[in-house]
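To be precise, the following lines are upload_9.cif, and they hold mmCIF, C-alpha atoms.
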```cif
data_input
loop_
_atom_site.label_atom_id
_atom_site.label_comp_id
_atom_site.auth_asym_id
_atom_site.auth_seq_id
_atom_site.Cartn_x
_atom_site.Cartn_y
_atom_site.Cartn_z
CA GLU Y 1 12.27 -22.69 -25.90
CA ASP Y 2 13.95 -20.77 -23.07
CA GLN Y 3 16.44 -22.78 -21.04
CA VAL Y 4 18.42 -22.12 -17.87
CA THR Y 5 21.18 -24.39 -16.58
CA GLN Y 6 22.81 -23.83 -13.22
CA SER Y 7 26.08 -25.30 -11.98
CA PRO Y 8 27.19 -26.78 -9.75
CA GLU Y 9 24.08 -28.51 -8.39
CA ALA Y 10 25.56 -28.39 -4.91
CA LEU Y 11 28.49 -26.56 -3.36
CA ARG Y 12 30.03 -26.88 0.06
CA LEU Y 13 32.31 -24.07 1.24
CA GLN Y 14 34.18 -23.26 4.39
CA GLU Y 15 33.32 -19.97 6.02
CA GLY Y 16 35.37 -17.27 4.30
CA GLU Y 17 36.04 -19.36 1.17
CA SER Y 18 34.92 -17.31 -1.83
CA SER Y 19 33.39 -18.95 -4.90
CA SER Y 20 31.10 -18.42 -7.89
CA LEU Y 21 27.84 -19.96 -9.06
CA ASN Y 22 27.12 -20.22 -12.78
CA CYS Y 23 23.89 -19.71 -14.71
CA SER Y 24 23.91 -20.43 -18.47
CA TYR Y 25 20.85 -19.40 -20.42
CA THR Y 26 19.23 -19.59 -23.83
CA VAL Y 27 16.39 -17.15 -24.50
CA SER Y 28 14.85 -15.55 -27.55
CA GLY Y 29 15.71 -12.00 -26.53
CA LEU Y 30 16.51 -11.33 -22.89
CA ARG Y 31 14.24 -8.95 -21.01
CA GLY Y 32 15.92 -9.65 -17.67
CA LEU Y 33 17.89 -12.20 -15.66
CA PHE Y 34 16.95 -12.66 -12.03
CA TRP Y 35 18.71 -14.16 -9.02
CA TYR Y 36 16.75 -15.46 -6.05
CA ARG Y 37 17.64 -17.13 -2.78
CA GLN Y 38 15.39 -19.87 -1.40
CA ASP Y 39 15.54 -21.25 2.13
CA PRO Y 40 13.92 -24.62 2.99
CA GLY Y 41 10.15 -24.33 3.33
CA LYS Y 42 10.14 -20.75 2.07
CA GLY Y 43 9.46 -18.96 -1.19
CA PRO Y 44 12.22 -17.48 -3.38
CA GLU Y 45 13.58 -14.19 -2.09
CA PHE Y 46 14.50 -11.66 -4.77
CA LEU Y 47 18.18 -10.66 -4.91
CA PHE Y 48 19.06 -9.02 -8.24
CA THR Y 49 17.87 -8.16 -11.73
CA LEU Y 50 20.33 -7.80 -14.60
CA TYR Y 51 19.21 -6.46 -17.96
CA SER Y 52 22.20 -6.21 -20.29
CA ALA Y 53 25.63 -7.75 -20.85
CA GLY Y 54 28.31 -6.11 -18.76
CA GLU Y 55 25.93 -5.12 -16.00
CA GLU Y 56 26.89 -5.87 -12.37
CA LYS Y 57 24.92 -5.64 -9.12
CA GLU Y 58 26.18 -6.02 -5.54
CA LYS Y 59 24.55 -6.66 -2.19
CA GLU Y 60 26.64 -7.37 0.90
CA ARG Y 61 28.76 -10.47 0.10
CA LEU Y 62 27.01 -11.15 -3.22
CA LYS Y 63 27.84 -9.81 -6.66
CA ALA Y 64 26.00 -10.75 -9.85
CA THR Y 65 27.41 -10.30 -13.35
CA LEU Y 66 25.94 -10.87 -16.81
CA THR Y 67 27.27 -11.77 -20.25
CA LYS Y 68 25.35 -12.61 -23.41
CA LYS Y 69 25.28 -16.32 -22.51
CA GLU Y 70 25.67 -16.61 -18.76
CA SER Y 71 25.53 -14.98 -15.38
CA PHE Y 72 27.69 -15.49 -12.33
CA LEU Y 73 26.84 -15.04 -8.69
CA HIS Y 74 30.06 -14.37 -6.81
CA ILE Y 75 30.05 -14.97 -3.07
CA THR Y 76 32.87 -13.27 -1.20
CA ALA Y 77 33.91 -14.53 2.25
CA PRO Y 78 30.63 -16.41 2.81
CA LYS Y 79 29.10 -16.96 6.23
CA PRO Y 80 26.96 -19.90 7.42
CA GLU Y 81 23.83 -17.75 7.05
CA ASP Y 82 24.49 -17.62 3.29
CA SER Y 83 23.57 -21.32 3.12
CA ALA Y 84 20.53 -21.64 0.85
CA THR Y 85 19.52 -22.65 -2.67
CA TYR Y 86 20.29 -19.94 -5.21
CA LEU Y 87 17.98 -19.77 -8.22
CA CYS Y 88 18.55 -18.11 -11.57
CA ALA Y 89 15.66 -17.20 -13.88
CA VAL Y 90 15.21 -15.46 -17.22
CA GLN Y 91 12.36 -13.46 -18.66
CA ALA Y 92 11.99 -13.26 -22.44
CA MET Y 93 11.40 -10.10 -24.42
CA ASP Y 94 8.37 -11.52 -26.25
CA THR Y 95 5.32 -9.31 -25.92
CA GLY Y 96 2.84 -10.72 -23.43
CA ARG Y 97 5.26 -13.26 -21.99
CA ARG Y 98 6.08 -12.40 -18.42
CA ALA Y 99 6.80 -15.89 -17.15
CA LEU Y 100 10.11 -16.56 -15.49
CA THR Y 101 11.99 -19.67 -16.63
CA PHE Y 102 13.95 -21.03 -13.68
CA GLY Y 103 17.03 -23.19 -13.42
CA SER Y 104 17.15 -26.06 -10.95
CA GLY Y 105 19.28 -24.09 -8.53
CA THR Y 106 22.59 -24.44 -6.71
CA ARG Y 107 22.40 -25.70 -3.12
CA LEU Y 108 25.05 -23.84 -1.15
CA GLN Y 109 26.23 -25.00 2.24
CA VAL Y 110 28.70 -22.85 4.17
CA GLN Y 111 30.34 -24.57 7.09
CA PRO Y 112 31.71 -22.64 10.09
CA ASN V 1 4.81 -3.78 4.72
CA ALA V 2 3.41 -7.25 4.29
CA GLY V 3 4.78 -9.48 1.58
CA VAL V 4 2.85 -11.83 -0.67
CA MET V 5 0.49 -13.83 1.52
CA GLN V 6 -0.55 -17.34 0.62
CA ASN V 7 -2.99 -19.57 2.44
CA PRO V 8 -3.28 -22.18 3.52
CA ARG V 9 0.40 -23.04 3.98
CA HIS V 10 -0.42 -26.73 3.94
CA LEU V 11 -3.43 -28.41 2.36
CA VAL V 12 -4.33 -32.09 2.39
CA ARG V 13 -6.94 -33.43 0.00
CA ARG V 14 -8.16 -36.88 -1.01
CA ARG V 15 -8.19 -37.90 -4.65
CA GLY V 16 -11.22 -36.45 -6.43
CA GLN V 17 -11.67 -33.50 -4.10
CA GLU V 18 -11.19 -29.84 -4.97
CA ALA V 19 -8.28 -27.68 -3.81
CA ARG V 20 -8.47 -23.88 -3.54
CA LEU V 21 -5.26 -21.94 -3.04
CA ARG V 22 -5.34 -18.24 -2.19
CA CYS V 23 -2.85 -15.46 -2.85
CA SER V 24 -2.95 -11.85 -1.68
CA PRO V 25 -0.33 -9.82 -3.57
CA MET V 26 1.86 -7.19 -2.01
CA LYS V 27 0.23 -3.80 -1.54
CA GLY V 28 0.29 -1.85 -4.78
CA HIS V 29 0.94 -4.93 -6.93
CA SER V 30 -1.60 -5.63 -9.66
CA HIS V 31 0.25 -8.44 -11.47
CA VAL V 32 0.00 -11.98 -10.10
CA TYR V 33 1.81 -15.14 -11.21
CA TRP V 34 1.40 -18.76 -10.14
CA TYR V 35 4.23 -21.31 -10.25
CA ARG V 36 4.41 -24.97 -9.30
CA GLN V 37 7.39 -26.79 -7.81
CA LEU V 38 7.20 -30.56 -8.05
CA PRO V 39 9.40 -32.66 -5.77
CA GLU V 40 13.02 -32.57 -6.94
CA GLU V 41 12.13 -30.23 -9.82
CA GLY V 42 12.49 -26.51 -10.46
CA LEU V 43 9.79 -23.87 -10.42
CA LYS V 44 7.48 -24.00 -13.45
CA PHE V 45 5.26 -21.15 -14.61
CA MET V 46 1.54 -21.78 -14.67
CA VAL V 47 -0.44 -18.57 -15.19
CA TYR V 48 -0.15 -14.77 -15.17
CA LEU V 49 -3.10 -12.56 -14.24
CA GLN V 50 -3.96 -8.94 -13.81
CA LYS V 51 -7.13 -7.75 -12.11
CA GLU V 52 -10.08 -9.61 -13.68
CA ASN V 53 -7.97 -10.80 -16.64
CA ILE V 54 -5.92 -13.88 -17.47
CA ILE V 55 -2.97 -12.63 -19.51
CA ASP V 56 -0.97 -15.84 -20.06
CA GLU V 57 -2.06 -19.34 -19.10
CA SER V 58 0.40 -21.19 -21.30
CA GLY V 59 1.78 -23.21 -18.37
CA MET V 60 -1.56 -24.28 -16.96
CA PRO V 61 -2.79 -27.84 -17.53
CA LYS V 62 -5.79 -27.73 -19.89
CA GLU V 63 -8.09 -29.68 -17.61
CA ARG V 64 -9.01 -29.39 -13.93
CA PHE V 65 -6.97 -26.22 -13.29
CA SER V 66 -8.31 -22.67 -13.29
CA ALA V 67 -7.23 -19.31 -11.90
CA GLU V 68 -8.86 -15.99 -11.20
CA PHE V 69 -7.92 -12.59 -9.83
CA PRO V 70 -11.17 -10.75 -9.09
CA LYS V 71 -11.57 -7.01 -8.73
CA GLU V 72 -11.87 -7.46 -4.98
CA GLY V 73 -10.11 -10.14 -2.96
CA PRO V 74 -7.25 -12.55 -3.45
CA SER V 75 -6.20 -14.50 -6.51
CA ILE V 76 -7.45 -18.08 -6.44
CA LEU V 77 -5.87 -21.16 -8.03
CA ARG V 78 -8.46 -23.92 -8.21
CA ILE V 79 -7.72 -27.58 -8.86
CA GLN V 80 -10.74 -29.82 -9.42
CA GLN V 81 -10.76 -33.60 -8.95
CA VAL V 82 -7.22 -33.69 -7.62
CA VAL V 83 -4.92 -36.62 -8.39
CA ARG V 84 -1.72 -37.79 -6.70
CA GLY V 85 0.40 -36.05 -9.35
CA ASP V 86 -0.95 -32.67 -8.21
CA SER V 87 1.07 -32.97 -4.99
CA ALA V 88 3.52 -30.07 -5.10
CA ALA V 89 4.35 -26.68 -3.67
CA TYR V 90 2.38 -23.91 -5.36
CA PHE V 91 3.92 -20.45 -5.24
CA CYS V 92 2.34 -17.12 -6.00
CA ALA V 93 4.33 -14.04 -6.97
CA SER V 94 3.35 -10.44 -7.58
CA SER V 95 4.87 -7.35 -9.17
CA THR V 96 4.03 -3.70 -9.72
CA GLY V 97 4.55 -3.93 -13.47
CA VAL V 98 5.57 -6.22 -16.27
CA ASP V 99 9.24 -5.23 -16.11
CA GLN V 100 9.51 -5.26 -12.32
CA PRO V 101 10.84 -8.14 -10.17
CA GLN V 102 8.38 -10.77 -9.07
CA HIS V 103 8.18 -11.20 -5.31
CA PHE V 104 7.14 -14.61 -4.02
CA GLY V 105 5.04 -15.87 -1.15
CA ASP V 106 6.04 -18.86 0.96
CA GLY V 107 3.80 -21.21 -0.99
CA THR V 108 1.05 -23.72 -0.34
CA ARG V 109 2.17 -27.32 0.01
CA LEU V 110 -0.55 -29.54 -1.41
CA SER V 111 -0.60 -33.20 -0.47
CA ILE V 112 -3.00 -35.67 -2.09
CA LEU V 113 -3.90 -38.81 -0.16
#
```
Translate this structure into structure tokens?
Amino acid sequence: EDQVTQSPEALRLQEGESSSLNCSYTVSGLRGLFWYRQDPGKGPEFLFTLYSAGEEKEKERLKATLTKKESFLHITAPKPEDSATYLCAVQAMDTGRRALTFGSGTRLQVQP
Amino acid sequence: NAGVMQNPRHLVRRRGQEARLRCSPMKGHSHVYWYRQLPEEGLKFMVYLQKENIIDESGMPKERFSAEFPKEGPSILRIQQVVRGDSAAYFCASSTGVDQPQHFGDGTRLSIL
């Protein structure tokens, strides 16, 4: 059974204080690992897809990296508008399975 | 360039009634997925559909729940004889292909009285 564990559950940062969010996963053959951002009352907003170990993707203050067992979302010099819940999800390689298995998320709060 | 559209945004039903949730995928997207988010829990997969076909319904409860994605019109998630435990946020996502990112709507929040 595919599993995704995210840590920490919650993180409070000061504006400009860089940090990393962790996503550990177990999957029977990884098709892709996905990062999403979710604001209260909204649906998840797609950020990145990573497909293989060693891959990195960047977007503004966010950088996602992938190893064979985990992924990190690095946030550099965060701003208050980066406050949200960040979700990690995996998609297995199995034919016909397209479901995403989500972690419980990391709630990030960036204080000015 | 409209995103995934879900309606209604909020739906209130009494126990025993039927709930119908609608999802219009992004333009050009032919793959639709439904997920449920229970209070204080993560998103859980329910069903994956392509036009007129259910591809994977492994996450769908065996009774009372059904989904369709007709040739014309939105995808529909139907819950018959709702119970209090059905109260949740139901999210729809769509993609252009099986290996492409899934883009989510803002969900329908279902409350059962």
Spatial neighbours of segment 80-92 of chain Y, max dist 9 Å, all atoms listed in the file, sep filter under 3 positions, as an MDAnalysis selection string | (chainID Y and resid 2:6 10 14:15 21:23 25:40 44 61 71 73 75 95 97:112) or (chainID V and resid 42)
Taking the point (4.4, -32.7, -7.1) as given in the file, collect each protein or nucleic acid residue that comes within 10 Å of it, counting only C-alpha atoms, and present the set as number ranges by chain.
-> V: 36-41, 84-90, 109-112
Taking the file above as input, evaluate the PyMOL selection byres ((chain V) within 10 of (chain Y)) and report the hits as JSON, numbers by chain.
-> {"V": [4, 9, 31, 33, 34, 35, 40, 41, 42, 43, 44, 45, 46, 47, 48, 55, 56, 57, 58, 59, 89, 90, 91, 92, 93, 97, 98, 99, 100, 101, 102, 103, 104, 105, 106, 107, 108, 109]}
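The space separating atom CA of Ser95 of chain V from atom CA of Glu70 of chain Y comes to 24.7 Å.
Across the model, the gap from atom CA of Lys62 of chain V to atom CA of Ala19 of chain V is 16.3 Å.
Here atom CA of Glu68 of chain V is placed at a distance of 23.3 Å from atom CA of Asp94 of chain Y.
Restricting the calculation to only C-alpha atoms, the smallest distance between Glu60 of chain Y and any of Y:Ser7, Y:Ala77, Y:Phe72, Y:Glu17 is found for Y:Ala77.
For the choices Y:His74, Y:Leu11, Y:Ser18, Y:Glu1, the atom-to-atom distance to Lys57 of chain Y is smallest for Y:His74 when using only C-alpha atoms.
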Report as a PDB file with C-alpha atoms, in the coordinates of the input all protein, DNA and RNA residues lying within 10 Å of Ala2 of chain V, evaluated on all atoms listed in the file, omitting residues in the same chain fewer than 5 positions from it.
```
ATOM      1  CA  SER V  24      -2.950 -11.850  -1.680  1.00  0.00           C
ATOM      2  CA  PRO V  25      -0.330  -9.820  -3.570  1.00  0.00           C
ATOM      3  CA  MET V  26       1.860  -7.190  -2.010  1.00  0.00           C
ATOM      4  CA  LYS V  27       0.230  -3.800  -1.540  1.00  0.00           C
TER       5      LYS V  27
END
```
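Selection by the PyMOL selection byres ((chain V and resi 82) around 8) on the present file picks out Arg13, Arg14, Arg15, Gly16, Gln17, Glu18, Ala19, Arg64, Ile79, Gln80, Gln81, Val83, Arg84, Asp86 and Ile112 of chain V.
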Please evaluate the PyMOL selection byres ((chain V and resi 69) around 10) against the structure above and give the resulting residues as a VMD selection string.
-> chain V and resid 22 to 24 30 to 32 48 to 54 67 to 68 70 to 77
Restricted to C-alpha atoms, what does segment 59-98 of chain V look like when written out as a compact mmCIF listing (two decimals), in the first residue's frame?
```txt
# COMPACT_ATOMS: atom_id res chain seq x y z
CA GLY V 59 -11.67 4.25 -3.61
CA MET V 60 -15.42 4.51 -3.96
CA PRO V 61 -17.67 3.09 -1.25
CA LYS V 62 -19.51 0.06 -2.66
CA GLU V 63 -22.97 1.30 -1.76
CA ARG V 64 -24.80 4.60 -2.29
CA PHE V 65 -22.00 6.25 -4.31
CA SER V 66 -21.81 6.44 -8.10
CA ALA V 67 -20.01 8.57 -10.66
CA GLU V 68 -20.37 9.31 -14.34
CA PHE V 69 -18.68 11.40 -17.00
CA PRO V 70 -21.03 11.51 -20.00
CA LYS V 71 -20.05 12.32 -23.55
CA GLU V 72 -21.66 15.73 -23.15
CA GLY V 73 -21.77 17.72 -19.92
CA PRO V 74 -20.05 17.65 -16.56
CA SER V 75 -18.94 14.72 -14.45
CA ILE V 76 -21.42 13.90 -11.70
CA LEU V 77 -20.74 12.33 -8.30
CA ARG V 78 -23.99 11.04 -6.86
CA ILE V 79 -24.55 10.04 -3.25
CA GLN V 80 -27.86 8.35 -2.46
CA GLN V 81 -29.47 8.20 0.98
CA VAL V 82 -26.84 10.41 2.57
CA VAL V 83 -25.72 9.84 6.16
CA ARG V 84 -23.90 12.13 8.60
CA GLY V 85 -20.58 10.45 7.80
CA ASP V 86 -20.81 11.69 4.21
CA SER V 87 -20.17 15.26 5.41
CA ALA V 88 -16.89 16.26 3.77
CA ALA V 89 -15.31 18.37 1.08
CA TYR V 90 -15.43 16.67 -2.31
CA PHE V 91 -12.81 17.73 -4.82
CA CYS V 92 -12.67 17.10 -8.53
CA ALA V 93 -9.46 17.19 -10.55
CA SER V 94 -8.75 16.91 -14.24
CA SER V 95 -5.75 16.28 -16.48
CA THR V 96 -4.91 16.10 -20.17
CA GLY V 97 -3.38 12.65 -19.87
CA VAL V 98 -2.50 9.91 -17.45
```
